[in-house]
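A.B. asks: Handing you a structure now.
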Amino acid sequence: MRHLPRVSSTSIISASDENYKDAVAAAVDMLRAGEVVALPTETVYGLAGNVFDPAAVAKIFAVKERPSFDPLIVHVARREDLPRVAIVPEDIQPTVEKLLNAFWPGPLTLILPKHPDVPDLVTSGLDTVAVRQSASKIFRAIGKELGEPLAAPSANRFGRISPTSAYAVQQELDDRIPLIVDGGACAEGLESTIIQITAGEKRPTITILRPGPVTKEMLQNFGKVERPKRPHDGSAPSAPGMLPSHYAPRTPLLLIEDWEEFRPEPGKKYGLLSYTGEPGKGYVSRYRWSIVEALSPGNGKLPEAALRLFHLLRKLDNAGLDYIVAEPVSEVGLGVAVMDRLRRAAAVH
Ligand code: AMP
Ligand code: MG
């Protein structure tokens with residue numbers, strides 16, 4: 001019989017090939033018992049609980065210290081499970097079908113009318129629900145074995161940096177949860193793109209509520225793509241939970257979009273989050289930084305920058321600095337999602 005250590009602190013179980021079945025079984029046992037567990041996805045690590053178990057959902061909010069007005073994303077292990085949590089309106093059905101064919105399983109979350117069985121706590125009382133199917137094999141294996149969809153927001157304390165490794169989850173939630181399934185580093189490193197679809201006379205409109213790995217450019221074949229007004233000025237969030245301050249390190253982060261804005265205080269330690277880390281490029285050679293970390297060393301590639309963003313923010317946050325300075329990246333493709341996260345991380349809290 002498998003034996004799990006007592007829940008005095010958090011256990012970490014590896015999802016390596018030899019251990020895969022044990023990892024699935026351990027997570028499913030916990031989920032069946034109404035517990036919440038941290039699981040790898042291709043975006044960031046998620047804190048998962050059975051969506052139809054209101055006590056488990058309440059635990060997700062409690063463990064994360066997440067306010068109840070910030071709704072959760074629901075993950076279906078199989079596409080056939082979508083009707084268990086959401087209702088697809090007829091007028092957008094063909095578009096939904098095309099988007100799911102193109103991007104599921106993967107980092108695209110759809111906002112759809114909610115199925116009445118989904119507890120109100122999951123959706124913060126909204127009549128819509130956010131749904132996706134993760135591309136992570138282990139995540140889906142656990143969902144399939146459990147036989148229920150999972151509510152799973154990122155496995156960090158509210159407002160903090162999203163975890164992209166089991167170690168980062170441990171830093172965030174140690175002693176608060178019984179189990180972390182270690183599936184290695186996340187492949188995307190940024191949270192899913194969240195969209196809402198509305199039918200149009202000729203083409204549907206796709207509104208990007210949160211930019212992510214599925215970019216505007218990738219969605220343009222499926223409809224007219226729009227972004228709601230950005231809430232970085234402290235005004236009301238454009239979508240519930242999309243607060244201006246989020247993903248924040250404890251060390252103040254300065255996103256310096258124009259070098260002239262940089263006014264260092266004497267005697268303070270500044271670290272640079274650079275795009276390429278190359279001397280002569282960006283801000284690398286413009287100041288005596290205590291430390292420089294490169295999002296994508298060498299030529300600079302946005303997918304690599306996205307993948308390393310949260311890892312490096314966390315690293316700089318632990319480096320004993322007074323300030324972290326971030327260079328802007330160009331806002332095309334994945335750069336839109338990277339800049340969205342940097343702006344929120346830099347927003348005054
Ligand atoms: P995460 O923290 O990655 O689980 O993402 C959850 C985010 O999805 C929330 O903060 C909201 O911004 C968004 N979201 C979830 N449900 C809805 C919904 N019904 N309508 C609009 N946005 C939603
Ligand atoms: Mg989150």
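For the structure tokens, the naming scheme is as follows: chains receive sequential letters (A, B, ...) according to their order of presentation, residues are indexed from 1 within each chain, and ligands are indexed from 1 in presentation order.
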Could you tell me, as JSON, numbers by chain, which residues of segment 43-268 of chain A DSSP assigns to helix (DSSP H, G or I) when given the backbone?
C.D. replies: {"A": [54, 55, 56, 57, 58, 59, 60, 61, 62, 63, 64, 79, 80, 81, 82, 83, 84, 85, 90, 91, 92, 93, 94, 95, 96, 97, 98, 99, 100, 101, 102, 103, 137, 138, 139, 140, 141, 142, 143, 144, 145, 146, 166, 167, 168, 169, 170, 171, 172, 173, 216, 217, 218, 219, 220, 221, 222, 259, 260, 261]}
A.B. asks: Write out as a ChimeraX atom specification each polymer residue (protein, DNA or RNA) that has an atom no more than 9 Å from ligand 1, with only C-alpha atoms and all ligand atoms counted.
C.D. replies: /A:44,46-47,69-74,109-114,122-131,151-155,158,162,191-192,194-196,209-210,237-243
A.B. asks: Out of segment 84-331 of chain A, which residues get strand (DSSP E or B) from DSSP, as an MDAnalysis selection string?
C.D. replies: chainID A and resid 86 108:114 128:132 150:151 154 160 179:182 193:198 205:210 224:226 248 253:255 270:274 291:294 323:326
A.B. asks: For the residues in the current selection, export C-alpha atoms as a compact mmCIF listing (two decimals), in the first residue's frame.
C.D. replies:
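What ended up in part-v3.txt:
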# COMPACT_ATOMS: atom_id res chain seq x y z
CA ALA A 86 -20.15 25.72 -19.33
CA LEU A 108 -6.29 29.53 -24.07
CA THR A 109 -9.04 30.21 -21.50
CA LEU A 110 -12.57 30.94 -22.71
CA ILE A 111 -15.19 32.90 -20.77
CA LEU A 112 -18.54 31.18 -21.32
CA PRO A 113 -21.96 31.12 -19.64
CA LYS A 114 -21.65 28.96 -16.54
CA THR A 128 -19.92 33.14 -16.66
CA VAL A 129 -17.08 30.72 -16.09
CA ALA A 130 -13.46 30.68 -17.30
CA VAL A 131 -12.51 27.30 -18.82
CA ARG A 132 -9.48 25.71 -20.37
CA LEU A 150 -10.49 21.06 -11.45
CA ALA A 151 -10.57 24.64 -10.30
CA SER A 154 -1.84 29.83 -9.90
CA ARG A 160 2.58 37.49 -5.68
CA LEU A 179 1.14 17.92 -1.73
CA ILE A 180 3.08 19.39 -4.63
CA VAL A 181 3.45 17.31 -7.80
CA ASP A 182 6.83 18.17 -9.28
CA THR A 193 -4.59 34.00 -22.53
CA ILE A 194 -8.18 34.74 -21.43
CA ILE A 195 -10.73 35.62 -24.11
CA GLN A 196 -14.39 36.41 -24.42
CA ILE A 197 -16.18 35.84 -27.74
CA THR A 198 -19.15 37.80 -29.03
CA THR A 205 -15.24 39.69 -31.85
CA ILE A 206 -12.58 38.14 -29.63
CA THR A 207 -11.79 40.30 -26.62
CA ILE A 208 -8.48 39.52 -24.91
CA LEU A 209 -9.10 40.01 -21.18
CA ARG A 210 -5.62 38.80 -20.23
CA LYS A 224 -11.81 40.67 -34.88
CA VAL A 225 -9.43 40.83 -31.93
CA GLU A 226 -9.80 43.59 -29.33
CA ALA A 248 4.61 41.48 -7.50
CA LEU A 253 10.08 46.87 -9.21
CA LEU A 254 10.65 49.86 -11.47
CA LEU A 255 9.66 49.35 -15.09
CA TYR A 270 19.69 48.23 -7.94
CA GLY A 271 19.45 44.99 -9.92
CA LEU A 272 18.55 44.90 -13.62
CA LEU A 273 16.12 42.56 -15.32
CA SER A 274 17.48 42.94 -18.82
CA ILE A 291 23.32 42.23 -10.47
CA VAL A 292 22.07 41.74 -14.03
CA GLU A 293 19.73 38.91 -15.06
CA ALA A 294 18.90 38.33 -18.73
CA TYR A 323 15.07 47.97 -6.21
CA ILE A 324 14.64 45.82 -9.28
CA VAL A 325 14.73 47.73 -12.57
CA ALA A 326 13.11 46.11 -15.60
A.B. asks: Which is closer to ligand 2 than all the others in A:Ser136, A:Asn299, A:Asn19, A:Thr164, using only C-alpha atoms and all ligand atoms?
C.D. replies: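 The answer is A:Thr164, which sits nearest to ligand 2.
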A.B. asks: Counting only C-alpha atoms and all ligand atoms, which residue out of A:Leu31, A:Gly159, A:Gly147, A:Lys59 sits closest to ligand 2?
C.D. replies: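 Using only C-alpha atoms and all ligand atoms, the shortest distance to ligand 2 belongs to A:Gly159.
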A.B. asks: Give me the residues near Val36 of chain A as a PyMOL selection string, where near means some atom within 7 Å (using only C-alpha atoms) and where sequence neighbours in that chain fewer than 6 positions away do not count.
C.D. replies: chain A and resi 47-49+56+59-60+177
A.B. asks: Residues at most 9 Å from Pro54 of chain A, counting only C-alpha atoms, excluding those fewer than 2 positions away in the same chain, as a list in words?
C.D. replies: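 Listing them by chain and then by number gives Asn50, Val51, Phe52, Ala56, Val57, Ala58, Lys59, Pro119, Asp120, Leu121 and Val122 of chain A.
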A.B. asks: Which residue gives the smallest distance to Ala15 of chain A among A:Lys315, A:Lys137, A:Pro244, A:Leu321, with only C-alpha atoms counted?
C.D. replies: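 Checking each candidate against Ala15 of chain A, we get A:Lys137 as the closest.
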A.B. asks: A:Ile161, A:Ala77, A:Ile138, A:Val118: which is nearest ligand 2, counting only C-alpha atoms and all ligand atoms?
C.D. replies: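 Ranked by minimum distance to ligand 2, first place goes to A:Ile161.
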A.B. asks: Do you have the atom CA of Val329 of chain A-atom CA of Gln133 of chain A distance handy?
C.D. replies: 29.0 Å
A.B. asks: Report, in Å with one decimal, the straight-line distance from atom CA of His115 of chain A to atom CA of Arg84 of chain A.
C.D. replies: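 Interatomic distance, atom CA of His115 of chain A to atom CA of Arg84 of chain A: 6.6 Å.
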A.B. asks: Of the candidates A:Val28, A:Ile256, A:Ala345, A:Val37, which shows the shortest atom-to-atom distance to Asp175 of chain A, using only C-alpha atoms?
C.D. replies: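 When distances to Asp175 of chain A are compared using only C-alpha atoms, the smallest one comes from A:Val37.
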A.B. asks: Mind pulling up the distance from atom CA of His246 of chain A to atom CA of Lys281 of chain A?
C.D. replies: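 Going from atom CA of Lys281 of chain A over to atom CA of His246 of chain A covers 28.1 Å.
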